[in-house]
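Colleague: Below is a structure I'd like to ask you about.
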Amino acid sequence: MSRAWDGRTYDRVGTPQAEWGRAVLERLDLAGDETVCDAGCGSGRVTEMLLERLPRGRVIAVDGSASMLEAARERLTGDDRVEFLEADLLALDLGGRTVDAVLSTATFHWIKDHAGLFARLHAALRPGGQLVAQCGGRGNLGRVLARAAAVAAEPAYAPHLTGFVDPHRFADAPGTEALLRGAGFAAARAWLQAAPVHPPEPPVFLGSVILTAWLEHLPEDRRGPFVDQVLAGLPEPFEADYVRLNLDAVA
Ligand SMILES: C[S@@+](CC[C@H](N)C(=O)[O-])C[C@H]1O[C@@H](n2cnc3c(N)ncnc32)[C@H](O)[C@@H]1O
């Protein structure tokens with residue numbers, strides 16, 4: 001699990017993710033009194049929108065990053081409908097409780113073991129409960145990450161990145177549907193969607209959203225130059241060539 005998240009910065013620049021989250025949220029069928037797990041809640045921007053749909057409900061907001069959860073707590077302070085849980089989703093344990101739905105945005109591509117992940121989420125859902133999610137999909141950020149790999153191979157960075165393994169898994173739709181069914185979901189649908197983005201602060205966006213896994217392996221004084229070099233080798237204006245994978249499933 002990447003530890004390099006800075007919750008406050010992500011909260012400020014994660015607008016594309018929040019906007020995608022708003023659209024994903026619309027796919028959840030809610031009466032307003034359900035208990036929903038936000039799996040990978042980050043700094044809580046999508047969680048906050050989810051709470052608007054749950055006037056009589058509850059949210060269990062789970063994330064593996066203490067910095068993200070701190071930002072989420074700040075954002076949602078005083079809202080007693082939310083319970084925060086710092087946990088790895090691959091070891092998700094709700095203490096025997098089940099939820100009516102799982103919402104997850106911009107998170108699953110940070111987890112390689114999708115079979116294990118889907119099994120955990122299935123176990124957390126009541127029978128008939130919904131999983132509605134979106135994450136990076138096959139081809140996501142292909143141009144940006146190819147450039148990052150090229151810069152990572154340069155002598156200034158390569159010694160620090162020996163043994164570095166790209167933590168992302170950008171899955172395709174048919175394979176994801178098969179894994180969801182294999183994890184026990186009764187119905188599963190997945191589809192890809194191109195979603196290019198032009199963030200207003202490219203270096204900050206690259207450094208705090210896209211390249212976090214690389215940067216946590218680099219010494220402090222190499223991080224800025226790494227981001228600048230990645231950016232310098234990409235066409236202007238900077239475009240983050242996102243491809244999203246959508247998942248709808250019923251437990
Ligand atoms: C890009 S953020 C998305 C946050 C929020 N859902 C949004 O759409 O803005 C991805 C989040 O997934 C969390 N994450 C990644 N892998 C995780 C894991 N194995 N267990 C729990 N959280 C994880 C990260 O800590 C991070 O907060």
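By order in the structure tokens, chains are A, B, ...; within a chain, residues start at 1; ligands start at 1, following the order shown.
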As a compact mmCIF listing (two decimals) with all heavy atoms, in the first residue's frame, please: the residues near region 203-211 of chain A (cut-off 9 Å, only C-alpha atoms, same-chain neighbours under 2 positions excluded).
Modeller:
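For reference, out-v3.txt as written:
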# COMPACT_ATOMS: atom_id res chain seq x y z
N ALA A 4 2.57 7.42 0.65
CA ALA A 4 3.01 8.79 0.38
C ALA A 4 1.87 9.80 0.25
O ALA A 4 2.11 10.92 -0.13
CB ALA A 4 3.85 8.80 -0.89
N TRP A 5 0.64 9.41 0.58
CA TRP A 5 -0.46 10.35 0.41
C TRP A 5 -0.34 11.51 1.39
O TRP A 5 -0.06 11.33 2.56
CB TRP A 5 -1.80 9.65 0.65
CG TRP A 5 -2.13 8.61 -0.36
CD1 TRP A 5 -2.04 7.25 -0.20
CD2 TRP A 5 -2.58 8.82 -1.71
NE1 TRP A 5 -2.41 6.62 -1.36
CE2 TRP A 5 -2.76 7.55 -2.29
CE3 TRP A 5 -2.87 9.97 -2.46
CZ2 TRP A 5 -3.20 7.39 -3.59
CZ3 TRP A 5 -3.31 9.79 -3.76
CH2 TRP A 5 -3.46 8.53 -4.31
N ASP A 6 -0.58 12.71 0.88
CA ASP A 6 -0.70 13.90 1.73
C ASP A 6 -2.17 14.30 1.62
O ASP A 6 -2.60 14.86 0.61
CB ASP A 6 0.25 14.98 1.20
CG ASP A 6 0.00 16.33 1.85
OD1 ASP A 6 -1.00 16.48 2.58
OD2 ASP A 6 0.80 17.24 1.62
N GLY A 7 -2.92 13.97 2.66
CA GLY A 7 -4.37 14.11 2.61
C GLY A 7 -4.84 15.52 2.29
O GLY A 7 -5.78 15.71 1.53
N THR A 9 -3.23 17.98 0.66
CA THR A 9 -2.97 18.37 -0.74
C THR A 9 -3.93 17.63 -1.66
O THR A 9 -4.51 18.23 -2.58
CB THR A 9 -1.51 18.05 -1.12
OG1 THR A 9 -0.66 18.64 -0.16
CG2 THR A 9 -1.18 18.58 -2.51
N TYR A 10 -4.12 16.33 -1.41
CA TYR A 10 -5.06 15.56 -2.24
C TYR A 10 -6.46 16.18 -2.17
O TYR A 10 -7.15 16.29 -3.18
CB TYR A 10 -5.10 14.09 -1.80
CG TYR A 10 -6.07 13.29 -2.63
CD1 TYR A 10 -5.70 12.82 -3.89
CD2 TYR A 10 -7.38 13.07 -2.21
CE1 TYR A 10 -6.60 12.13 -4.69
CE2 TYR A 10 -8.29 12.39 -3.00
CZ TYR A 10 -7.89 11.92 -4.23
OH TYR A 10 -8.79 11.25 -5.03
N VAL A 13 -6.41 19.19 -4.56
CA VAL A 13 -6.25 19.01 -6.01
C VAL A 13 -7.05 17.84 -6.58
O VAL A 13 -7.10 17.66 -7.79
CB VAL A 13 -4.75 18.85 -6.41
CG1 VAL A 13 -3.94 20.03 -5.94
CG2 VAL A 13 -4.17 17.54 -5.89
N GLY A 14 -7.70 17.06 -5.70
CA GLY A 14 -8.40 15.86 -6.19
C GLY A 14 -9.77 16.15 -6.78
O GLY A 14 -10.69 15.33 -6.64
N LEU A 141 -3.63 6.32 -17.88
CA LEU A 141 -2.41 7.13 -17.77
C LEU A 141 -1.23 6.53 -18.54
O LEU A 141 -0.07 6.69 -18.13
CB LEU A 141 -2.03 7.31 -16.29
CG LEU A 141 -3.01 8.13 -15.45
CD1 LEU A 141 -2.67 8.02 -13.97
CD2 LEU A 141 -3.02 9.59 -15.88
N VAL A 144 1.49 9.13 -19.52
CA VAL A 144 2.18 9.75 -18.37
C VAL A 144 3.07 8.71 -17.68
O VAL A 144 4.23 9.00 -17.33
CB VAL A 144 1.15 10.32 -17.36
CG1 VAL A 144 1.86 10.87 -16.13
CG2 VAL A 144 0.31 11.40 -18.02
N LEU A 145 2.58 7.50 -17.51
CA LEU A 145 3.35 6.51 -16.77
C LEU A 145 4.51 5.96 -17.60
O LEU A 145 5.55 5.58 -17.04
CB LEU A 145 2.44 5.39 -16.25
CG LEU A 145 1.38 5.87 -15.24
CD1 LEU A 145 0.56 4.71 -14.72
CD2 LEU A 145 2.00 6.65 -14.07
N ALA A 148 7.08 8.47 -16.96
CA ALA A 148 7.63 8.30 -15.60
C ALA A 148 8.63 7.15 -15.58
O ALA A 148 9.70 7.26 -14.95
CB ALA A 148 6.50 8.04 -14.60
N PRO A 199 -5.45 19.18 -15.36
CA PRO A 199 -5.45 19.80 -14.03
C PRO A 199 -4.79 21.17 -14.05
O PRO A 199 -3.82 21.39 -14.78
CB PRO A 199 -4.65 18.81 -13.17
CG PRO A 199 -3.94 17.94 -14.11
CD PRO A 199 -4.58 18.02 -15.45
N PRO A 200 -5.29 22.12 -13.25
CA PRO A 200 -4.75 23.48 -13.25
C PRO A 200 -3.33 23.58 -12.69
O PRO A 200 -2.61 24.50 -13.03
CB PRO A 200 -5.74 24.26 -12.36
CG PRO A 200 -6.49 23.24 -11.60
CD PRO A 200 -6.47 21.97 -12.38
N GLU A 201 -2.92 22.67 -11.80
CA GLU A 201 -1.57 22.73 -11.22
C GLU A 201 -0.85 21.42 -11.55
O GLU A 201 -0.70 20.55 -10.68
CB GLU A 201 -1.64 22.88 -9.71
CG GLU A 201 -2.37 24.11 -9.20
CD GLU A 201 -2.48 24.07 -7.68
OE1 GLU A 201 -1.51 24.43 -7.00
OE2 GLU A 201 -3.54 23.65 -7.18
N ALA A 213 3.63 6.84 -5.75
CA ALA A 213 4.33 5.57 -5.49
C ALA A 213 5.82 5.69 -5.84
O ALA A 213 6.67 5.11 -5.16
CB ALA A 213 3.69 4.45 -6.30
N TRP A 214 6.15 6.42 -6.89
CA TRP A 214 7.56 6.63 -7.26
C TRP A 214 8.23 7.52 -6.22
O TRP A 214 9.32 7.24 -5.76
CB TRP A 214 7.67 7.30 -8.64
CG TRP A 214 7.53 6.38 -9.79
CD1 TRP A 214 8.53 5.80 -10.52
CD2 TRP A 214 6.29 5.92 -10.36
NE1 TRP A 214 8.00 5.00 -11.50
CE2 TRP A 214 6.63 5.05 -11.42
CE3 TRP A 214 4.95 6.14 -10.08
CZ2 TRP A 214 5.67 4.42 -12.20
CZ3 TRP A 214 3.99 5.51 -10.84
CH2 TRP A 214 4.35 4.67 -11.89
N LEU A 215 7.55 8.61 -5.87
CA LEU A 215 8.17 9.63 -5.02
C LEU A 215 8.52 9.10 -3.64
O LEU A 215 9.51 9.53 -3.04
CB LEU A 215 7.26 10.86 -4.91
CG LEU A 215 6.97 11.58 -6.23
CD1 LEU A 215 6.17 12.85 -5.99
CD2 LEU A 215 8.26 11.91 -6.99
N GLU A 216 7.75 8.16 -3.13
CA GLU A 216 8.05 7.69 -1.77
C GLU A 216 9.37 6.91 -1.72
O GLU A 216 9.92 6.71 -0.64
CB GLU A 216 6.89 6.90 -1.17
CG GLU A 216 6.68 5.52 -1.75
CD GLU A 216 5.46 4.83 -1.13
OE1 GLU A 216 4.57 5.53 -0.59
OE2 GLU A 216 5.40 3.61 -1.19
N ARG A 223 12.62 14.58 -5.46
CA ARG A 223 11.20 14.43 -5.83
C ARG A 223 10.74 15.52 -6.79
O ARG A 223 10.13 15.23 -7.82
CB ARG A 223 10.33 14.43 -4.57
CG ARG A 223 10.62 13.22 -3.71
CD ARG A 223 9.81 13.21 -2.44
NE ARG A 223 10.14 12.02 -1.65
CZ ARG A 223 9.66 11.73 -0.46
NH1 ARG A 223 8.79 12.56 0.12
NH2 ARG A 223 10.00 10.65 0.17
N GLY A 224 11.05 16.77 -6.46
CA GLY A 224 10.65 17.89 -7.33
C GLY A 224 11.25 17.75 -8.72
O GLY A 224 10.53 17.85 -9.74
N VAL A 227 9.44 15.04 -10.79
CA VAL A 227 8.14 15.51 -11.30
C VAL A 227 8.36 16.46 -12.47
O VAL A 227 7.70 16.34 -13.52
CB VAL A 227 7.33 16.20 -10.17
CG1 VAL A 227 6.12 16.92 -10.74
CG2 VAL A 227 6.91 15.20 -9.11
N ASP A 228 9.31 17.40 -12.32
CA ASP A 228 9.56 18.39 -13.39
C ASP A 228 10.01 17.70 -14.67
O ASP A 228 9.60 18.09 -15.77
CB ASP A 228 10.63 19.39 -12.94
CG ASP A 228 10.10 20.30 -11.83
OD1 ASP A 228 8.87 20.33 -11.63
OD2 ASP A 228 10.93 20.95 -11.15
N VAL A 230 9.40 14.57 -15.61
CA VAL A 230 8.27 13.84 -16.22
C VAL A 230 7.42 14.82 -17.02
O VAL A 230 7.10 14.60 -18.19
CB VAL A 230 7.42 13.14 -15.13
CG1 VAL A 230 6.12 12.60 -15.73
CG2 VAL A 230 8.21 12.02 -14.47
N LEU A 231 7.13 15.94 -16.40
CA LEU A 231 6.28 16.95 -17.04
C LEU A 231 6.92 17.51 -18.30
O LEU A 231 6.26 17.70 -19.33
CB LEU A 231 6.02 18.08 -16.02
CG LEU A 231 4.88 19.03 -16.28
CD1 LEU A 231 3.58 18.29 -16.52
CD2 LEU A 231 4.72 19.98 -15.08
N ALA A 240 -3.67 14.53 -18.38
CA ALA A 240 -3.63 13.25 -17.69
C ALA A 240 -4.57 12.32 -18.45
O ALA A 240 -5.79 12.52 -18.43
CB ALA A 240 -4.05 13.41 -16.23
Colleague: Name the residues in contact with Ala91 (chain A) at a cut-off of 12 Å, using only C-alpha atoms, excluding same-chain residues fewer than 6 positions from it; report them as a list in words.
Modeller: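 Residues meeting the cut-off are Ala39, Val62, Asp63, Gly64, Leu85, Ile111, Asp113, Gly116, Leu117, Phe118, Ala119, Arg120, Leu121, Ala123 and Ala124 of chain A.
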Colleague: Write out the residues from the selection above, keeping N, CA, C and O atoms, as a compact mmCIF listing (two decimals), in the first residue's frame.
Modeller:
# COMPACT_ATOMS: atom_id res chain seq x y z
N ALA A 39 -15.08 2.51 0.48
CA ALA A 39 -13.84 1.72 0.51
C ALA A 39 -12.71 2.49 -0.18
O ALA A 39 -12.62 2.51 -1.40
N VAL A 62 -13.44 3.80 5.12
CA VAL A 62 -12.24 3.00 5.33
C VAL A 62 -11.11 3.51 4.45
O VAL A 62 -11.32 3.78 3.25
N ASP A 63 -9.93 3.63 5.02
CA ASP A 63 -8.76 3.97 4.21
C ASP A 63 -7.51 3.45 4.93
O ASP A 63 -7.48 3.35 6.15
N GLY A 64 -6.48 3.16 4.13
CA GLY A 64 -5.24 2.66 4.69
C GLY A 64 -4.26 3.76 5.04
O GLY A 64 -3.21 3.49 5.63
N LEU A 85 -12.34 4.10 9.73
CA LEU A 85 -11.61 2.87 10.01
C LEU A 85 -10.32 2.88 9.20
O LEU A 85 -10.36 2.93 7.96
N ILE A 111 -4.57 -1.57 -5.71
CA ILE A 111 -4.54 -2.89 -5.06
C ILE A 111 -4.37 -3.94 -6.15
O ILE A 111 -5.17 -4.00 -7.09
N ASP A 113 -4.26 -7.37 -5.84
CA ASP A 113 -5.00 -8.62 -5.67
C ASP A 113 -6.51 -8.36 -5.75
O ASP A 113 -7.19 -8.27 -4.72
N GLY A 116 -8.75 -11.17 -4.19
CA GLY A 116 -8.81 -11.07 -2.72
C GLY A 116 -9.66 -9.89 -2.28
O GLY A 116 -10.44 -9.98 -1.34
N LEU A 117 -9.50 -8.77 -2.98
CA LEU A 117 -10.26 -7.56 -2.66
C LEU A 117 -11.76 -7.81 -2.81
O LEU A 117 -12.57 -7.50 -1.91
N PHE A 118 -12.15 -8.38 -3.95
CA PHE A 118 -13.58 -8.59 -4.21
C PHE A 118 -14.18 -9.59 -3.20
O PHE A 118 -15.33 -9.46 -2.80
N ALA A 119 -13.37 -10.58 -2.81
CA ALA A 119 -13.86 -11.56 -1.81
C ALA A 119 -14.13 -10.84 -0.49
O ALA A 119 -15.15 -11.09 0.17
N ARG A 120 -13.23 -9.93 -0.08
CA ARG A 120 -13.42 -9.18 1.17
C ARG A 120 -14.66 -8.30 1.10
O ARG A 120 -15.43 -8.19 2.05
N LEU A 121 -14.84 -7.64 -0.04
CA LEU A 121 -15.99 -6.73 -0.17
C LEU A 121 -17.29 -7.53 -0.21
O LEU A 121 -18.30 -7.12 0.38
N ALA A 123 -17.80 -10.33 1.30
CA ALA A 123 -18.05 -10.77 2.68
C ALA A 123 -18.63 -9.63 3.53
O ALA A 123 -19.36 -9.87 4.49
N ALA A 124 -18.30 -8.38 3.17
CA ALA A 124 -18.78 -7.22 3.96
C ALA A 124 -20.22 -6.84 3.60
O ALA A 124 -20.86 -6.08 4.33
Colleague: Can you pull out the residues contacting Gln134 (chain A)? Cut-off 12 Å, using only C-alpha atoms, and skip same-chain residues under 4 positions away; I want them as a PyMOL selection string.
Modeller: chain A and resi 17-25+27+38-40+102-110+170-171+173+176+189-193+195+242-249
Colleague: Determine which residues of region 8-73 of chain A receive a DSSP assignment of alpha helix (DSSP H), computed from the backbone, and state them as number ranges by chain.
Modeller: A: 8-13, 15-25, 45-52, 66-73
Colleague: Quick one: distance from CA of Ala115 (chain A) to CA of Gly136 (chain A) in Å, one decimal?
Modeller: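 Taking CA of Ala115 (chain A) as the start and CA of Gly136 (chain A) as the end point, the length is 16.3 Å.
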Colleague: Mind pulling up the distance from CA of Leu234 (chain A) to atom 23 (C, counted along the ligand's line) of ligand 1?
Modeller: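 Distance reported for this atom pair: 28.4 Å.
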Colleague: Using DSSP on the backbone coordinates, identify all residues within region 127-232 of chain A classified as strand (DSSP E); present the result as a PDB file with N, CA, C and O atoms, in the first residue's frame.
Modeller:
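Result file selection_16.pdb:
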ATOM      1  N   PRO A 127     -26.500 -10.128   1.704  1.00  0.00           N
ATOM      2  CA  PRO A 127     -26.981 -10.699   0.450  1.00  0.00           C
ATOM      3  C   PRO A 127     -27.861  -9.689  -0.290  1.00  0.00           C
ATOM      4  O   PRO A 127     -28.739  -9.066   0.322  1.00  0.00           O
ATOM      5  N   GLY A 128     -27.610  -9.483  -1.562  1.00  0.00           N
ATOM      6  CA  GLY A 128     -28.373  -8.500  -2.339  1.00  0.00           C
ATOM      7  C   GLY A 128     -27.790  -7.097  -2.279  1.00  0.00           C
ATOM      8  O   GLY A 128     -28.268  -6.189  -2.968  1.00  0.00           O
ATOM      9  N   GLY A 129     -26.765  -6.906  -1.448  1.00  0.00           N
ATOM     10  CA  GLY A 129     -26.146  -5.577  -1.321  1.00  0.00           C
ATOM     11  C   GLY A 129     -25.405  -5.186  -2.598  1.00  0.00           C
ATOM     12  O   GLY A 129     -24.987  -6.038  -3.384  1.00  0.00           O
ATOM     13  N   GLN A 130     -25.253  -3.857  -2.787  1.00  0.00           N
ATOM     14  CA  GLN A 130     -24.652  -3.355  -4.040  1.00  0.00           C
ATOM     15  C   GLN A 130     -23.177  -2.998  -3.870  1.00  0.00           C
ATOM     16  O   GLN A 130     -22.808  -2.381  -2.876  1.00  0.00           O
ATOM     17  N   LEU A 131     -22.402  -3.321  -4.878  1.00  0.00           N
ATOM     18  CA  LEU A 131     -21.047  -2.762  -5.012  1.00  0.00           C
ATOM     19  C   LEU A 131     -21.082  -1.837  -6.216  1.00  0.00           C
ATOM     20  O   LEU A 131     -21.431  -2.260  -7.332  1.00  0.00           O
ATOM     21  N   VAL A 132     -20.770  -0.562  -5.998  1.00  0.00           N
ATOM     22  CA  VAL A 132     -20.688   0.415  -7.087  1.00  0.00           C
ATOM     23  C   VAL A 132     -19.321   1.070  -6.978  1.00  0.00           C
ATOM     24  O   VAL A 132     -18.977   1.630  -5.929  1.00  0.00           O
ATOM     25  N   ALA A 133     -18.532   0.978  -8.042  1.00  0.00           N
ATOM     26  CA  ALA A 133     -17.145   1.444  -7.925  1.00  0.00           C
ATOM     27  C   ALA A 133     -16.609   1.935  -9.259  1.00  0.00           C
ATOM     28  O   ALA A 133     -17.149   1.633 -10.332  1.00  0.00           O
ATOM     29  N   GLN A 134     -15.535   2.714  -9.140  1.00  0.00           N
ATOM     30  CA  GLN A 134     -14.782   3.135 -10.325  1.00  0.00           C
ATOM     31  C   GLN A 134     -13.323   3.254  -9.924  1.00  0.00           C
ATOM     32  O   GLN A 134     -12.997   3.708  -8.819  1.00  0.00           O
ATOM     33  N   CYS A 135     -12.451   2.853 -10.837  1.00  0.00           N
ATOM     34  CA  CYS A 135     -11.014   2.961 -10.571  1.00  0.00           C
ATOM     35  C   CYS A 135     -10.312   3.104 -11.923  1.00  0.00           C
ATOM     36  O   CYS A 135     -10.957   3.103 -12.971  1.00  0.00           O
ATOM     37  N   GLY A 136      -8.994   3.221 -11.887  1.00  0.00           N
ATOM     38  CA  GLY A 136      -8.254   3.253 -13.140  1.00  0.00           C
ATOM     39  C   GLY A 136      -8.380   1.915 -13.851  1.00  0.00           C
ATOM     40  O   GLY A 136      -8.327   0.864 -13.203  1.00  0.00           O
ATOM     41  N   ALA A 187     -24.430 -10.899  -9.664  1.00  0.00           N
ATOM     42  CA  ALA A 187     -24.481 -10.165 -10.934  1.00  0.00           C
ATOM     43  C   ALA A 187     -23.302  -9.205 -10.958  1.00  0.00           C
ATOM     44  O   ALA A 187     -22.926  -8.650  -9.918  1.00  0.00           O
ATOM     45  N   ALA A 188     -22.708  -9.014 -12.135  1.00  0.00           N
ATOM     46  CA  ALA A 188     -21.536  -8.133 -12.226  1.00  0.00           C
ATOM     47  C   ALA A 188     -21.433  -7.543 -13.619  1.00  0.00           C
ATOM     48  O   ALA A 188     -21.617  -8.250 -14.620  1.00  0.00           O
ATOM     49  N   ARG A 189     -21.183  -6.247 -13.656  1.00  0.00           N
ATOM     50  CA  ARG A 189     -20.993  -5.576 -14.945  1.00  0.00           C
ATOM     51  C   ARG A 189     -19.803  -4.629 -14.798  1.00  0.00           C
ATOM     52  O   ARG A 189     -19.681  -3.935 -13.776  1.00  0.00           O
ATOM     53  N   ALA A 190     -18.931  -4.610 -15.807  1.00  0.00           N
ATOM     54  CA  ALA A 190     -17.786  -3.688 -15.771  1.00  0.00           C
ATOM     55  C   ALA A 190     -17.613  -3.090 -17.159  1.00  0.00           C
ATOM     56  O   ALA A 190     -17.891  -3.752 -18.166  1.00  0.00           O
ATOM     57  N   TRP A 191     -17.179  -1.830 -17.214  1.00  0.00           N
ATOM     58  CA  TRP A 191     -16.960  -1.194 -18.509  1.00  0.00           C
ATOM     59  C   TRP A 191     -15.922  -0.079 -18.376  1.00  0.00           C
ATOM     60  O   TRP A 191     -15.794   0.535 -17.311  1.00  0.00           O
ATOM     61  N   LEU A 192     -15.195   0.157 -19.475  1.00  0.00           N
ATOM     62  CA  LEU A 192     -14.148   1.185 -19.500  1.00  0.00           C
ATOM     63  C   LEU A 192     -14.696   2.489 -20.061  1.00  0.00           C
ATOM     64  O   LEU A 192     -15.639   2.488 -20.864  1.00  0.00           O
ATOM     65  N   GLN A 193     -14.041   3.587 -19.678  1.00  0.00           N
ATOM     66  CA  GLN A 193     -14.495   4.920 -20.109  1.00  0.00           C
ATOM     67  C   GLN A 193     -13.270   5.841 -20.134  1.00  0.00           C
ATOM     68  O   GLN A 193     -12.565   5.954 -19.128  1.00  0.00           O
ATOM     69  N   ALA A 194     -13.003   6.462 -21.282  1.00  0.00           N
ATOM     70  CA  ALA A 194     -11.897   7.435 -21.353  1.00  0.00           C
ATOM     71  C   ALA A 194     -12.298   8.695 -20.606  1.00  0.00           C
ATOM     72  O   ALA A 194     -13.446   9.138 -20.696  1.00  0.00           O
TER      73      ALA A 194
END
Colleague: Show me, as a list in words, the residues that have an atom within 7 Å of Leu69 (chain A) when counting only C-alpha atoms, minus same-chain residues fewer than 4 positions from it.
Modeller: Gly42, Ser43, Asp63, Ser65 and Arg73 of chain A
Colleague: With only C-alpha atoms as the counted atoms, please give the residues lying no more than 12 Å from His217 (chain A), apart from itself and same-chain residues fewer than 3 positions off, as a JSON list (two decimals) with N, CA, C and O atoms, in the first residue's frame.
Modeller:
[["chain", "number", "residue", "atom", "x", "y", "z"],
["A", 2, "SER", "N", 0.59, 2.22, -0.88],
["A", 2, "SER", "CA", 1.38, 3.45, -0.92],
["A", 2, "SER", "C", 1.18, 4.25, 0.37],
["A", 2, "SER", "O", 0.08, 4.40, 0.86],
["A", 3, "ARG", "N", 2.28, 4.76, 0.93],
["A", 3, "ARG", "CA", 2.17, 5.53, 2.17],
["A", 3, "ARG", "C", 2.35, 7.02, 1.93],
["A", 3, "ARG", "O", 2.36, 7.81, 2.84],
["A", 4, "ALA", "N", 2.57, 7.42, 0.65],
["A", 4, "ALA", "CA", 3.01, 8.79, 0.38],
["A", 4, "ALA", "C", 1.87, 9.80, 0.25],
["A", 4, "ALA", "O", 2.11, 10.92, -0.13],
["A", 152, "ALA", "N", 12.50, 7.43, -14.57],
["A", 152, "ALA", "CA", 12.95, 6.59, -13.45],
["A", 152, "ALA", "C", 14.21, 5.81, -13.79],
["A", 152, "ALA", "O", 14.99, 5.44, -12.91],
["A", 157, "TYR", "N", 17.93, 8.85, -10.69],
["A", 157, "TYR", "CA", 16.81, 8.24, -9.95],
["A", 157, "TYR", "C", 16.92, 6.72, -9.82],
["A", 157, "TYR", "O", 16.46, 6.14, -8.83],
["A", 158, "ALA", "N", 17.53, 6.08, -10.85],
["A", 158, "ALA", "CA", 17.51, 4.61, -10.93],
["A", 158, "ALA", "C", 18.02, 3.93, -9.65],
["A", 158, "ALA", "O", 17.40, 2.96, -9.20],
["A", 159, "PRO", "N", 19.13, 4.41, -9.04],
["A", 159, "PRO", "CA", 19.62, 3.70, -7.84],
["A", 159, "PRO", "C", 18.60, 3.66, -6.71],
["A", 159, "PRO", "O", 18.59, 2.72, -5.92],
["A", 160, "HIS", "N", 17.73, 4.66, -6.64],
["A", 160, "HIS", "CA", 16.73, 4.70, -5.56],
["A", 160, "HIS", "C", 15.51, 3.84, -5.88],
["A", 160, "HIS", "O", 14.70, 3.55, -5.01],
["A", 161, "LEU", "N", 15.40, 3.49, -7.16],
["A", 161, "LEU", "CA", 14.19, 2.78, -7.59],
["A", 161, "LEU", "C", 14.48, 1.32, -7.95],
["A", 161, "LEU", "O", 13.64, 0.65, -8.55],
["A", 162, "THR", "N", 15.68, 0.84, -7.51],
["A", 162, "THR", "CA", 16.01, -0.57, -7.77],
["A", 162, "THR", "C", 14.94, -1.43, -7.09],
["A", 162, "THR", "O", 14.63, -1.24, -5.92],
["A", 163, "GLY", "N", 14.40, -2.34, -7.83],
["A", 163, "GLY", "CA", 13.40, -3.24, -7.23],
["A", 163, "GLY", "C", 12.01, -2.61, -7.13],
["A", 163, "GLY", "O", 11.07, -3.24, -6.65],
["A", 164, "PHE", "N", 11.89, -1.34, -7.59],
["A", 164, "PHE", "CA", 10.57, -0.69, -7.54],
["A", 164, "PHE", "C", 9.60, -1.41, -8.49],
["A", 164, "PHE", "O", 9.93, -1.69, -9.64],
["A", 165, "VAL", "N", 8.45, -1.71, -7.98],
["A", 165, "VAL", "CA", 7.42, -2.35, -8.81],
["A", 165, "VAL", "C", 6.22, -1.41, -8.86],
["A", 165, "VAL", "O", 5.71, -0.98, -7.81],
["A", 166, "ASP", "N", 5.80, -1.06, -10.07],
["A", 166, "ASP", "CA", 4.62, -0.20, -10.21],
["A", 166, "ASP", "C", 3.44, -0.85, -9.46],
["A", 166, "ASP", "O", 3.07, -1.99, -9.76],
["A", 211, "LEU", "N", 2.06, 10.38, -9.17],
["A", 211, "LEU", "CA", 3.40, 9.79, -9.02],
["A", 211, "LEU", "C", 3.77, 9.44, -7.58],
["A", 211, "LEU", "O", 4.95, 9.23, -7.29],
["A", 212, "THR", "N", 2.79, 9.37, -6.68],
["A", 212, "THR", "CA", 3.10, 9.17, -5.26],
["A", 212, "THR", "C", 3.94, 7.91, -5.01],
["A", 212, "THR", "O", 4.84, 7.92, -4.18],
["A", 213, "ALA", "N", 3.63, 6.84, -5.75],
["A", 213, "ALA", "CA", 4.33, 5.57, -5.49],
["A", 213, "ALA", "C", 5.82, 5.69, -5.84],
["A", 213, "ALA", "O", 6.67, 5.11, -5.16],
["A", 214, "TRP", "N", 6.15, 6.42, -6.89],
["A", 214, "TRP", "CA", 7.56, 6.63, -7.26],
["A", 214, "TRP", "C", 8.23, 7.52, -6.22],
["A", 214, "TRP", "O", 9.32, 7.24, -5.76],
["A", 220, "GLU", "N", 14.00, 13.23, -0.56],
["A", 220, "GLU", "CA", 13.24, 14.49, -0.63],
["A", 220, "GLU", "C", 13.72, 15.41, -1.76],
["A", 220, "GLU", "O", 12.91, 15.93, -2.54],
["A", 221, "ASP", "N", 15.05, 15.57, -1.88],
["A", 221, "ASP", "CA", 15.57, 16.55, -2.84],
["A", 221, "ASP", "C", 15.50, 16.08, -4.29],
["A", 221, "ASP", "O", 15.80, 16.85, -5.21],
["A", 222, "ARG", "N", 15.12, 14.82, -4.53],
["A", 222, "ARG", "CA", 15.00, 14.35, -5.92],
["A", 222, "ARG", "C", 13.54, 14.36, -6.39],
["A", 222, "ARG", "O", 13.26, 14.12, -7.56],
["A", 223, "ARG", "N", 12.62, 14.58, -5.46],
["A", 223, "ARG", "CA", 11.20, 14.43, -5.83],
["A", 223, "ARG", "C", 10.74, 15.52, -6.79],
["A", 223, "ARG", "O", 10.13, 15.23, -7.82],
["A", 226, "PHE", "N", 12.21, 15.09, -10.24],
["A", 226, "PHE", "CA", 11.59, 13.94, -10.92],
["A", 226, "PHE", "C", 10.27, 14.37, -11.57],
["A", 226, "PHE", "O", 10.02, 14.13, -12.75]]
Colleague: For each of A:Leu30, A:Ala87, A:Leu51, A:Val82, take the minimum atom-to-atom distance to ligand 1, counting only C-alpha atoms and all ligand atoms, then give the residue where this is smallest.
Modeller: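 Answer, going by the shortest atom-to-atom distance: A:Ala87.
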Colleague: Mind pulling up the distance from atom 2 (S, counted along the ligand's line) of ligand 1 to CA of Gly137 (chain A)?
Modeller: 14.5 Å
